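entry35.cif follows; it contains mmCIF, C-alpha atoms.
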```
data_model
loop_
_atom_site.label_atom_id
_atom_site.label_comp_id
_atom_site.auth_asym_id
_atom_site.auth_seq_id
_atom_site.Cartn_x
_atom_site.Cartn_y
_atom_site.Cartn_z
CA MET R 10 269.31 68.77 -69.90
CA THR R 11 270.39 72.43 -69.91
CA LEU R 12 271.47 74.43 -72.98
CA GLU R 13 275.06 74.51 -71.73
CA GLU R 14 275.09 70.73 -71.30
CA LEU R 15 273.69 70.24 -74.79
CA ARG R 16 276.30 72.59 -76.25
CA LYS R 17 279.04 70.68 -74.45
CA GLN R 18 277.71 67.46 -75.93
CA ILE R 19 277.67 68.99 -79.42
CA ASP R 20 281.26 70.22 -78.98
CA GLU R 21 282.35 66.69 -78.08
CA ILE R 22 280.57 65.28 -81.11
CA ASP R 23 282.15 67.93 -83.36
CA ASN R 24 285.61 67.12 -82.03
CA GLY R 25 284.99 63.48 -82.85
CA ILE R 26 283.79 64.38 -86.36
CA LEU R 27 286.90 66.50 -86.97
CA GLU R 28 289.20 63.71 -85.86
CA LEU R 29 287.43 61.26 -88.17
CA PHE R 30 287.52 63.77 -91.04
CA LEU R 31 291.30 64.13 -90.74
CA LYS R 32 291.68 60.35 -90.68
CA ARG R 33 289.51 60.10 -93.78
CA MET R 34 291.62 62.65 -95.69
CA ALA R 35 294.83 60.84 -94.71
CA CYS R 36 293.30 57.61 -95.97
CA ALA R 37 292.30 59.32 -99.23
CA LYS R 38 295.97 60.15 -99.89
CA GLN R 39 296.88 56.49 -99.38
CA VAL R 40 294.12 55.54 -101.82
CA ALA R 41 295.75 57.89 -104.35
CA GLU R 42 299.00 55.97 -104.15
CA VAL R 43 297.21 52.65 -104.69
CA LYS R 44 295.40 54.10 -107.70
CA ARG R 45 298.71 55.36 -109.08
CA GLN R 46 300.26 51.90 -108.83
CA LYS R 47 297.24 50.17 -110.39
CA GLU R 48 296.58 52.98 -112.92
CA LEU R 49 292.99 53.39 -111.73
CA PRO R 50 290.93 56.55 -112.31
CA ILE R 51 290.41 58.85 -109.34
CA PHE R 52 286.74 59.49 -110.05
CA ASN R 53 284.51 56.41 -109.95
CA GLU R 54 281.09 57.95 -110.50
CA THR R 55 279.14 54.69 -110.33
CA ARG R 56 280.62 53.78 -106.95
CA GLU R 57 280.06 57.26 -105.52
CA LEU R 58 276.41 57.37 -106.61
CA LYS R 59 275.82 53.97 -105.01
CA ILE R 60 277.35 55.20 -101.74
CA LEU R 61 275.31 58.41 -101.79
CA ASP R 62 272.07 56.52 -102.40
CA GLY R 63 272.87 54.23 -99.47
CA VAL R 64 273.70 57.13 -97.15
CA CYS R 65 270.47 58.87 -98.14
CA ARG R 66 268.40 55.80 -97.24
CA LYS R 67 270.17 55.20 -93.92
CA ALA R 68 269.82 58.84 -92.82
CA GLY R 69 266.02 58.75 -92.95
CA GLU R 70 264.51 62.20 -92.51
CA TYR R 71 267.99 63.75 -92.88
CA GLY R 72 268.69 61.88 -96.12
CA GLY R 73 269.07 65.01 -98.26
CA GLN R 74 271.42 66.67 -95.79
CA ALA R 75 273.48 63.49 -95.41
CA ARG R 76 273.77 63.18 -99.19
CA ILE R 77 275.15 66.71 -99.52
CA LEU R 78 277.55 66.15 -96.60
CA TYR R 79 278.95 62.95 -98.09
CA ALA R 80 279.07 64.34 -101.61
CA ASN R 81 281.29 67.14 -100.31
CA LEU R 82 283.42 64.69 -98.32
CA MET R 83 284.03 62.59 -101.42
CA ALA R 84 284.75 65.69 -103.55
CA MET R 85 287.37 66.85 -101.04
CA SER R 86 288.87 63.36 -100.93
CA ARG R 87 289.13 63.32 -104.73
CA GLU R 88 290.78 66.71 -104.68
CA ALA R 89 293.40 65.46 -102.21
CA GLN R 90 294.03 62.50 -104.53
CA HIS R 91 294.32 64.72 -107.61
CA SER R 92 296.82 66.90 -105.77
CA ALA R 93 298.86 63.91 -104.62
CA LEU R 94 299.00 62.51 -108.17
CA GLY R 95 299.58 65.83 -109.94
CA SER R 96 296.44 65.47 -112.06
CA GLY R 97 295.56 67.80 -114.91
CA THR R 98 298.74 67.41 -116.93
CA GLU R 99 297.28 69.18 -119.96
CA LEU R 100 296.25 72.25 -117.97
CA ARG R 101 299.50 72.34 -116.01
CA GLN R 102 301.47 72.27 -119.26
CA ALA R 103 299.31 75.04 -120.77
CA VAL R 104 299.88 77.24 -117.72
CA LEU R 105 303.61 76.51 -117.78
CA LYS R 106 303.91 77.40 -121.48
CA ALA R 107 301.69 80.50 -121.33
CA SER R 108 303.26 83.82 -122.21
CA ARG R 109 304.03 86.08 -119.27
CA PHE R 110 304.93 89.25 -121.15
CA PRO R 111 302.96 89.56 -124.41
CA ASN R 112 304.07 91.19 -127.61
CA LYS R 113 302.27 94.48 -128.03
CA PRO R 114 299.20 93.93 -130.23
CA ARG R 115 299.28 95.72 -133.56
CA SER R 116 295.53 95.65 -134.15
CA VAL R 117 292.55 95.22 -131.81
CA ALA R 118 288.97 94.57 -132.91
CA CYS R 119 286.33 96.82 -131.34
CA LEU R 120 282.59 97.27 -131.61
CA GLY R 121 281.12 100.23 -133.49
CA GLU R 122 283.10 103.29 -134.41
CA LYS R 123 285.48 105.86 -132.93
CA GLY R 124 284.00 107.32 -129.78
CA SER R 125 282.21 104.16 -128.64
CA TYR R 126 282.67 102.90 -125.09
CA SER R 127 284.43 99.83 -126.53
CA HIS R 128 286.84 102.25 -128.21
CA GLU R 129 287.45 103.93 -124.85
CA ALA R 130 288.13 100.56 -123.21
CA PHE R 131 290.52 99.69 -126.05
CA SER R 132 292.32 103.03 -125.63
CA ARG R 133 292.84 102.37 -121.92
CA LEU R 134 294.10 98.83 -122.43
CA TYR R 135 296.11 99.15 -125.67
CA PRO R 136 296.82 102.84 -126.41
CA GLU R 137 299.59 102.06 -128.92
CA ALA R 138 297.58 99.61 -131.05
CA GLU R 139 295.40 100.29 -134.08
CA PRO R 140 291.64 99.82 -133.55
CA VAL R 141 289.70 97.86 -136.18
CA PHE R 142 285.96 98.46 -135.94
CA PHE R 143 283.25 95.86 -136.57
CA PRO R 144 279.45 96.15 -136.53
CA ASP R 145 278.69 93.22 -134.23
CA PHE R 146 280.15 90.79 -131.70
CA PRO R 147 280.40 87.70 -133.97
CA SER R 148 282.52 89.73 -136.41
CA ILE R 149 284.97 90.56 -133.62
CA PHE R 150 285.42 86.90 -132.67
CA ALA R 151 285.78 85.95 -136.34
CA ALA R 152 288.42 88.66 -136.83
CA VAL R 153 290.48 87.31 -133.93
CA LYS R 154 290.08 83.73 -135.18
CA ASN R 155 291.22 84.47 -138.74
CA GLY R 156 294.03 86.83 -137.71
CA ARG R 157 292.52 90.08 -138.95
CA ALA R 158 293.04 91.37 -135.41
CA ASP R 159 295.48 90.29 -132.72
CA LEU R 160 292.93 90.80 -129.94
CA GLY R 161 289.29 91.78 -129.49
CA VAL R 162 287.71 94.06 -126.87
CA LEU R 163 284.10 93.39 -125.87
CA PRO R 164 281.63 94.43 -123.16
CA VAL R 165 280.49 91.51 -121.01
CA GLU R 166 278.55 93.02 -118.12
CA ASN R 167 276.91 96.22 -116.96
CA SER R 168 276.19 97.05 -113.32
CA SER R 169 272.58 98.02 -114.04
CA ALA R 170 271.60 96.21 -117.29
CA GLY R 171 273.30 92.88 -116.47
CA SER R 172 275.22 90.49 -118.69
CA VAL R 173 275.73 90.79 -122.43
CA ASN R 174 274.48 87.28 -123.14
CA GLU R 175 275.55 87.19 -126.78
CA VAL R 176 279.17 87.77 -125.78
CA TYR R 177 279.05 84.98 -123.19
CA ASP R 178 277.62 82.63 -125.82
CA LEU R 179 280.49 83.51 -128.16
CA ILE R 180 283.07 83.05 -125.39
CA LEU R 181 281.73 79.55 -124.77
CA LYS R 182 281.64 78.82 -128.50
CA TYR R 183 285.18 79.93 -129.35
CA ARG R 184 286.92 79.22 -126.01
CA PHE R 185 289.46 81.98 -126.66
CA SER R 186 291.69 83.16 -123.84
CA ILE R 187 290.77 86.25 -121.85
CA VAL R 188 293.97 88.26 -121.59
CA ALA R 189 292.82 91.45 -119.81
CA ALA R 190 289.77 93.19 -118.37
CA ILE R 191 288.76 96.69 -117.41
CA SER R 192 285.76 98.29 -115.70
CA LEU R 193 284.68 101.71 -116.97
CA SER R 194 282.32 104.29 -115.54
CA VAL R 195 279.63 104.78 -118.20
CA ARG R 196 277.90 108.15 -118.34
CA HIS R 197 275.49 108.60 -121.21
CA CYS R 198 274.40 111.90 -122.66
CA LEU R 199 271.45 112.66 -124.91
CA ALA R 200 272.90 114.26 -128.05
CA SER R 201 271.37 115.52 -131.28
CA ARG R 202 271.83 117.90 -134.19
CA GLU R 203 268.66 119.57 -132.84
CA ALA R 204 268.93 122.30 -130.23
CA GLU R 205 265.92 121.49 -128.04
CA LEU R 206 264.72 118.34 -126.28
CA HIS R 207 261.13 118.75 -127.52
CA GLU R 208 262.35 118.39 -131.11
CA ILE R 209 263.46 114.79 -130.53
CA GLN R 210 261.27 112.11 -132.10
CA THR R 211 263.56 109.03 -131.87
CA VAL R 212 266.54 108.08 -129.71
CA TYR R 213 269.10 105.63 -131.13
CA SER R 214 271.59 103.55 -129.18
CA HIS R 215 272.96 100.10 -128.51
CA PRO R 216 270.43 97.81 -126.72
CA GLN R 217 272.50 97.82 -123.53
CA ALA R 218 272.60 101.63 -123.41
CA LEU R 219 268.84 101.79 -124.00
CA ARG R 220 268.29 99.44 -121.05
CA GLN R 221 270.60 101.52 -118.88
CA CYS R 222 268.52 104.64 -119.65
CA ALA R 223 265.07 103.00 -119.87
CA GLY R 224 263.65 104.97 -116.92
CA TYR R 225 264.82 108.29 -118.34
CA LEU R 226 263.30 107.58 -121.76
CA LYS R 227 260.02 106.30 -120.31
CA LYS R 228 259.62 109.36 -118.10
CA ARG R 229 260.00 111.66 -121.09
CA GLY R 230 258.00 109.50 -123.48
CA ILE R 231 260.71 109.40 -126.15
CA PRO R 232 260.56 106.43 -128.58
CA SER R 233 263.81 104.48 -128.98
CA ALA R 234 265.43 102.33 -131.66
CA GLU R 235 268.34 99.92 -131.44
CA CYS R 236 271.53 100.19 -133.45
CA SER R 237 274.95 98.52 -133.46
CA SER R 238 276.80 100.82 -131.02
CA THR R 239 276.58 104.09 -129.12
CA ALA R 240 279.00 105.73 -131.56
CA GLY R 241 276.92 104.38 -134.44
CA ALA R 242 273.90 106.01 -132.79
CA ALA R 243 275.74 109.34 -132.79
CA ALA R 244 276.45 108.92 -136.50
CA LEU R 245 272.76 108.25 -137.19
CA ALA R 246 271.67 111.25 -135.12
CA ALA R 247 274.06 113.47 -137.05
CA GLY R 248 272.34 112.64 -140.31
CA GLU R 249 268.66 112.51 -139.36
CA ARG R 250 266.29 115.31 -138.37
CA GLY R 251 264.50 114.78 -135.08
CA ALA R 252 266.93 112.03 -134.03
CA ALA R 253 269.09 111.82 -130.92
CA ALA R 254 271.65 109.38 -129.56
CA LEU R 255 272.47 107.95 -126.17
CA CYS R 256 276.25 108.04 -126.31
CA SER R 257 279.37 109.37 -124.65
CA GLU R 258 280.22 113.06 -124.74
CA HIS R 259 283.29 112.10 -126.75
CA ALA R 260 281.10 110.49 -129.44
CA ALA R 261 278.80 113.52 -129.45
CA ALA R 262 281.77 115.80 -130.09
CA GLN R 263 283.10 113.41 -132.75
CA TYR R 264 279.91 113.87 -134.79
CA GLY R 265 279.28 117.55 -134.00
CA LEU R 266 276.15 116.96 -131.91
CA ASN R 267 274.57 119.21 -129.32
CA ILE R 268 274.39 117.74 -125.82
CA LEU R 269 270.79 118.13 -124.68
CA ASP R 270 271.16 116.34 -121.34
CA ARG R 271 274.00 114.76 -119.38
CA ASN R 272 274.21 111.69 -117.11
CA VAL R 273 270.90 110.28 -118.29
CA GLN R 274 271.62 106.70 -117.15
CA ASP R 275 269.22 105.43 -114.49
CA SER R 276 272.03 104.52 -112.06
CA ASP R 277 274.69 106.99 -110.93
CA GLY R 278 277.09 104.05 -110.36
CA ASN R 279 276.68 102.76 -113.91
CA ARG R 280 279.77 100.74 -114.92
CA THR R 281 280.52 98.35 -117.76
CA ARG R 282 283.09 95.57 -117.65
CA PHE R 283 285.08 94.89 -120.83
CA ILE R 284 287.37 91.97 -121.63
CA ALA R 285 290.13 91.49 -124.18
CA ILE R 286 290.22 88.12 -125.94
CA GLY R 287 293.06 86.46 -127.84
CA ARG R 288 293.94 83.18 -129.50
CA ASN R 289 296.82 82.43 -127.13
CA LEU R 290 297.01 82.04 -123.36
CA LEU R 291 298.65 84.94 -121.52
CA ILE R 292 299.20 84.96 -117.75
CA PRO R 293 300.94 88.17 -116.60
CA PRO R 294 302.78 88.12 -113.26
CA GLN R 295 300.19 90.43 -111.66
CA ALA R 296 297.20 88.34 -112.83
CA ASN R 297 294.37 88.58 -110.28
CA LYS R 298 291.25 87.18 -111.98
CA ILE R 299 290.50 83.72 -113.39
CA SER R 300 287.75 82.72 -115.83
CA LEU R 301 286.67 79.21 -116.75
CA CYS R 302 283.66 77.30 -118.01
CA PHE R 303 282.32 73.78 -117.62
CA ALA R 304 279.22 71.62 -117.62
CA VAL R 305 277.99 69.38 -114.80
CA PRO R 306 275.74 66.29 -114.82
CA HIS R 307 272.04 67.17 -114.65
CA ARG R 308 271.57 65.83 -111.09
CA THR R 309 270.65 67.31 -107.73
CA GLY R 310 273.58 68.95 -105.94
CA THR R 311 276.24 68.62 -108.63
CA LEU R 312 276.74 72.37 -109.16
CA TYR R 313 276.55 73.01 -105.42
CA THR R 314 279.31 70.47 -104.77
CA VAL R 315 281.57 72.08 -107.39
CA LEU R 316 281.03 75.58 -105.98
CA ALA R 317 281.68 74.33 -102.46
CA ARG R 318 285.19 73.37 -103.56
CA PHE R 319 285.94 77.00 -104.41
CA ALA R 320 284.71 78.05 -100.96
CA ALA R 321 286.86 75.36 -99.33
CA SER R 322 289.90 76.80 -101.15
CA GLY R 323 289.07 80.34 -99.95
CA LEU R 324 288.35 81.59 -103.48
CA ASN R 325 285.83 84.40 -103.99
CA LEU R 326 283.49 83.92 -106.95
CA THR R 327 282.71 87.25 -108.62
CA LYS R 328 280.54 85.97 -111.48
CA ILE R 329 278.55 82.88 -112.42
CA GLU R 330 276.57 82.72 -115.64
CA SER R 331 274.64 79.80 -117.10
CA ARG R 332 274.11 79.52 -120.86
CA PRO R 333 272.23 76.80 -122.78
CA ILE R 334 274.38 74.25 -124.61
CA PRO R 335 273.38 74.39 -128.30
CA GLY R 336 271.54 71.26 -129.41
CA ARG R 337 270.99 69.93 -125.89
CA ASN R 338 267.65 70.53 -124.23
CA PHE R 339 267.91 71.99 -120.72
CA GLU R 340 271.66 71.39 -120.43
CA TYR R 341 273.92 74.29 -119.57
CA ASP R 342 277.48 75.52 -119.59
CA PHE R 343 278.52 77.49 -116.54
CA TYR R 344 280.87 80.46 -116.84
CA LEU R 345 282.77 81.47 -113.68
CA ASP R 346 284.96 84.43 -112.74
CA PHE R 347 286.82 84.44 -109.44
CA SER R 348 289.68 86.28 -107.78
CA GLY R 349 292.91 84.32 -107.79
CA SER R 350 296.09 83.29 -109.55
CA VAL R 351 297.36 79.97 -110.89
CA ALA R 352 300.68 80.90 -109.30
CA ASP R 353 299.04 79.69 -106.08
CA PRO R 354 299.58 75.88 -106.01
CA LYS R 355 296.28 75.23 -104.22
CA THR R 356 294.33 77.16 -106.84
CA LEU R 357 296.07 75.37 -109.69
CA ASP R 358 295.46 71.99 -108.01
CA LEU R 359 291.74 72.75 -107.76
CA LEU R 360 291.50 73.74 -111.43
CA CYS R 361 293.46 70.69 -112.52
CA ALA R 362 291.16 68.44 -110.48
CA LEU R 363 288.08 70.02 -112.02
CA SER R 364 289.57 69.74 -115.51
CA GLU R 365 289.78 65.97 -115.02
CA GLU R 366 286.25 65.58 -113.65
CA LEU R 367 283.99 68.04 -115.48
CA SER R 368 282.79 67.83 -119.05
CA ARG R 369 283.32 70.75 -121.46
CA PHE R 370 285.88 72.24 -119.05
CA SER R 371 287.91 75.16 -120.41
CA PHE R 372 290.41 77.33 -118.59
CA LEU R 373 289.70 80.71 -120.21
CA GLY R 374 292.46 82.74 -118.64
CA ASN R 375 294.20 84.28 -115.65
CA TYR R 376 294.54 87.99 -116.25
CA SER R 377 294.71 91.44 -114.70
CA GLU R 378 291.55 93.50 -114.25
CA LEU R 379 291.88 97.26 -114.18
CA GLU R 380 289.44 99.66 -112.53
#
```
Could you spell out this file's structure in structure tokens?
Amino acid sequence: MTLEELRKQIDEIDNGILELFLKRMACAKQVAEVKRQKELPIFNETRELKILDGVCRKAGEYGGQARILYANLMAMSREAQHSALGSGTELRQAVLKASRFPNKPRSVACLGEKGSYSHEAFSRLYPEAEPVFFPDFPSIFAAVKNGRADLGVLPVENSSAGSVNEVYDLILKYRFSIVAAISLSVRHCLASREAELHEIQTVYSHPQALRQCAGYLKKRGIPSAECSSTAGAAALAAGERGAAALCSEHAAAQYGLNILDRNVQDSDGNRTRFIAIGRNLLIPPQANKISLCFAVPHRTGTLYTVLARFAASGLNLTKIESRPIPGRNFEYDFYLDFSGSVADPKTLDLLCALSEELSRFSFLGNYSELE
């Protein structure tokens, strides 16, 4: 048989598969109506696992592939049923009641001191608010929780040093809403009260900044020490002989330091992403980014099947982060960012379906991200 003949045969098979797929989805919607009438749950995990085990056995050498195929088929069928029944009432109500135009925050919690990159992010997002500075990330979350600040601004990711894991852990712990985000170009300078580079004995900065400049420091053989923020590093350098800071030029000027070297970060495209967190859900009309978190059963293919549903809806994932669940060995929460808006009915239907099926599910926000 020639290649063209084989391709023709495959096309005929594919047409048959598509026809059967459409029939299956139509049947799934009818199943939804029966479940509505009999008040049955959409997701019957025991039944689905039994079917998947049977398919795997029958498929022989293609058992693994068949299992993934059928797992996705059943996930899409469930999604059609959730949509038909308007599942996810709690999430739909939260989205409906969310503020669209927030009151201007009076106070915003930030890391470090004036001149820090967090302070710059705050100034871009909320120029009319009053910054309240804290020495660490847990203090910022606590301040938002107890009302000492209306919002908090925190770094979550750097293009060269990666994720700020402590912040992700706190996001998953508190489940606050993310109300805004901004990405800043980060250009570090080496600043000191000293006038010459050879006089420097120690460089202070936040751990993330030290990682972003690790190559520069290693090449010059300069010892480093961690501190709470880049602006805090500038304050230390201002009061200690032989000390320097990796900080912004603004922070260097704030503390009267000499700039010994500019743009010392290892990557010219160095950027840090900041988020603003709040106690209440806010979904502005121009919202373009969604964040959520959830856990999945510790079984082969469960995460894959969930992610496939985002692809099927045409949604572009921009971030996925796994973090250990406290007190549970080798079990994880997954944090996701993706481009989209809950104003799109298909996107909201997907999230509502997932909220019904996944444990530890939290919708963390639909917000605008500024560049």
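For the choices R:Asn338, R:Thr55, R:Ser194, R:Ser257, the atom-to-atom distance to Gly278 in chain R is smallest for R:Ser194 when using only C-alpha atoms.
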Picked residues, the PyMOL selection byres ((chain R and resi 158) around 9), expected as a list in words: Pro114, Arg115, Ser116, Val117, Ala118, Pro140, Val141, Ile149, Ala152, Val153, Lys154, Asn155, Gly156, Arg157, Asp159, Leu160 and Gly161 of chain R
Between CA of Cys198 in chain R and CA of Glu258 in chain R - distance in Å to one decimal: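 Atom-to-atom, CA of Glu258 in chain R to CA of Cys198 in chain R, that is 6.3 Å.
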Just want the 12 Å neighbourhood of Ser132 in chain R, counted on only C-alpha atoms, with same-chain residues fewer than 4 positions away dropped. Output as an mmCIF file with C-alpha atoms, in the coordinates of the input.
```
data_model
loop_
_atom_site.group_PDB
_atom_site.id
_atom_site.type_symbol
_atom_site.label_atom_id
_atom_site.label_comp_id
_atom_site.auth_asym_id
_atom_site.auth_seq_id
_atom_site.Cartn_x
_atom_site.Cartn_y
_atom_site.Cartn_z
ATOM 1 C CA SER R 116 295.530 95.650 -134.150
ATOM 2 C CA VAL R 117 292.550 95.220 -131.810
ATOM 3 C CA ALA R 118 288.970 94.570 -132.910
ATOM 4 C CA CYS R 119 286.330 96.820 -131.340
ATOM 5 C CA LYS R 123 285.480 105.860 -132.930
ATOM 6 C CA GLY R 124 284.000 107.320 -129.780
ATOM 7 C CA SER R 125 282.210 104.160 -128.640
ATOM 8 C CA TYR R 126 282.670 102.900 -125.090
ATOM 9 C CA SER R 127 284.430 99.830 -126.530
ATOM 10 C CA HIS R 128 286.840 102.250 -128.210
ATOM 11 C CA PRO R 136 296.820 102.840 -126.410
ATOM 12 C CA GLU R 137 299.590 102.060 -128.920
ATOM 13 C CA ALA R 138 297.580 99.610 -131.050
ATOM 14 C CA GLU R 139 295.400 100.290 -134.080
ATOM 15 C CA PRO R 140 291.640 99.820 -133.550
ATOM 16 C CA VAL R 162 287.710 94.060 -126.870
ATOM 17 C CA ILE R 191 288.760 96.690 -117.410
ATOM 18 C CA LEU R 193 284.680 101.710 -116.970
ATOM 19 C CA PHE R 283 285.080 94.890 -120.830
ATOM 20 C CA ALA R 285 290.130 91.490 -124.180
#
```
Spatial neighbours of range 224-239 of chain R, max dist 8 Å, all atoms listed in the file, sep filter under 5 positions, as a VMD selection string: chain R and resid 120 to 122 125 to 126 144 to 145 209 to 216 218 to 219 254 to 257 260 273 to 275
Could you list, as a PDB file with C-alpha atoms, keeping the file's coordinate frame, every residue within 8 Å of Ile51 in chain R, counting all atoms listed in the file and ignoring same-chain residues fewer than 4 positions away?
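Final file, part_6.pdb:
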```
ATOM      1  CA  ALA R  41     295.750  57.890-104.350  1.00  0.00           C
ATOM      2  CA  LYS R  44     295.400  54.100-107.700  1.00  0.00           C
ATOM      3  CA  ARG R  87     289.130  63.320-104.730  1.00  0.00           C
ATOM      4  CA  GLN R  90     294.030  62.500-104.530  1.00  0.00           C
ATOM      5  CA  HIS R  91     294.320  64.720-107.610  1.00  0.00           C
TER       6      HIS R  91
END
```
Picked residues, the PyMOL selection byres ((chain R and resi 367) around 9), expected as a PyMOL selection string: chain R and resi 303-306+362-366+368-370
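Taking CA of Asp346 in chain R and CA of Ile299 in chain R as the two end points, the separation is 5.6 Å.
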Using only C-alpha atoms: which of R:Thr327, R:Ser96, R:Thr356, R:Asn375 has the shortest distance to Gln295 in chain R: R:Asn375
Nearest candidate to Ile187 in chain R (options R:Ser172, R:Val165, R:Glu330, R:Val64; using all atoms listed in the file): R:Val165
Residue nearest Leu163 in chain R - candidates R:Pro50, R:Pro147, R:Pro293, R:Gly95, atoms counted: only C-alpha atoms: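 For Leu163 in chain R, the nearest of the given residues is R:Pro147.
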Point-to-point distance in Å for CA of Pro294 in chain R and CA of Asn112 in chain R: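 These two atoms are separated by 14.7 Å.
Of the residues listed (R:Leu29, R:Ala130, R:Leu291, R:Ala261), R:Leu291 shows the shortest atom-to-atom separation from Ser186 in chain R; distances use only C-alpha atoms.
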Residues within 10 Å of Met34 in chain R, all atoms listed in the file, excluding chain neighbours under 5 positions, as a VMD selection string: chain R and resid 29 39 to 40 82 to 83 85 to 90
Pull C-alpha atoms from the residues just selected and write them as a compact mmCIF listing (two decimals), in the coordinates of the input.
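Just written: again.txt:
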```
# COMPACT_ATOMS: atom_id res chain seq x y z
CA LEU R 29 287.43 61.26 -88.17
CA GLN R 39 296.88 56.49 -99.38
CA VAL R 40 294.12 55.54 -101.82
CA LEU R 82 283.42 64.69 -98.32
CA MET R 83 284.03 62.59 -101.42
CA MET R 85 287.37 66.85 -101.04
CA SER R 86 288.87 63.36 -100.93
CA ARG R 87 289.13 63.32 -104.73
CA GLU R 88 290.78 66.71 -104.68
CA ALA R 89 293.40 65.46 -102.21
CA GLN R 90 294.03 62.50 -104.53
```
Protein and nucleic acid residues near (276.5, 96.5, -115.2) (cut-off 7 Å, only C-alpha atoms) as a list in words: Glu166, Asn167, Ser168, Ser169, Ala170, Gly171, Asn279, Arg280 and Thr281 of chain R
Add whatever atoms are absent from range 301-316 of chain R to reach N, CA and C atoms, and provide the output as a compact mmCIF listing (two decimals), in the frame of the given file.
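As a result, selection_29.txt now contains:
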```txt
# COMPACT_ATOMS: atom_id res chain seq x y z
N LEU R 301 286.74 80.57 -116.21
CA LEU R 301 286.67 79.21 -116.75
C LEU R 301 285.23 78.86 -117.03
N CYS R 302 285.02 77.77 -117.75
CA CYS R 302 283.66 77.30 -118.01
C CYS R 302 283.65 75.78 -117.99
N PHE R 303 282.46 75.23 -117.72
CA PHE R 303 282.32 73.78 -117.62
C PHE R 303 280.84 73.42 -117.63
N ALA R 304 280.57 72.15 -117.78
CA ALA R 304 279.22 71.62 -117.62
C ALA R 304 279.24 70.59 -116.50
N VAL R 305 278.10 70.37 -115.86
CA VAL R 305 277.99 69.38 -114.80
C VAL R 305 276.84 68.43 -115.13
N PRO R 306 276.87 67.20 -114.60
CA PRO R 306 275.74 66.29 -114.82
C PRO R 306 274.44 66.89 -114.30
N HIS R 307 273.35 66.60 -114.99
CA HIS R 307 272.04 67.17 -114.65
C HIS R 307 271.43 66.39 -113.49
N ARG R 308 272.06 66.53 -112.28
CA ARG R 308 271.57 65.83 -111.09
C ARG R 308 271.59 66.78 -109.89
N THR R 309 270.76 66.48 -108.93
CA THR R 309 270.65 67.31 -107.73
C THR R 309 272.00 67.45 -107.03
N GLY R 310 272.40 68.69 -106.76
CA GLY R 310 273.58 68.95 -105.94
C GLY R 310 274.90 68.99 -106.65
N THR R 311 274.94 68.68 -107.96
CA THR R 311 276.24 68.62 -108.63
C THR R 311 276.91 69.99 -108.72
N LEU R 312 276.16 71.03 -109.09
CA LEU R 312 276.74 72.37 -109.16
C LEU R 312 277.13 72.86 -107.77
N TYR R 313 276.27 72.61 -106.80
CA TYR R 313 276.55 73.01 -105.42
C TYR R 313 277.88 72.42 -104.95
N THR R 314 278.09 71.14 -105.23
CA THR R 314 279.31 70.47 -104.77
C THR R 314 280.55 71.08 -105.42
N VAL R 315 280.44 71.44 -106.71
CA VAL R 315 281.57 72.08 -107.39
C VAL R 315 281.87 73.45 -106.76
N LEU R 316 280.82 74.25 -106.55
CA LEU R 316 281.03 75.58 -105.98
C LEU R 316 281.57 75.52 -104.56
```
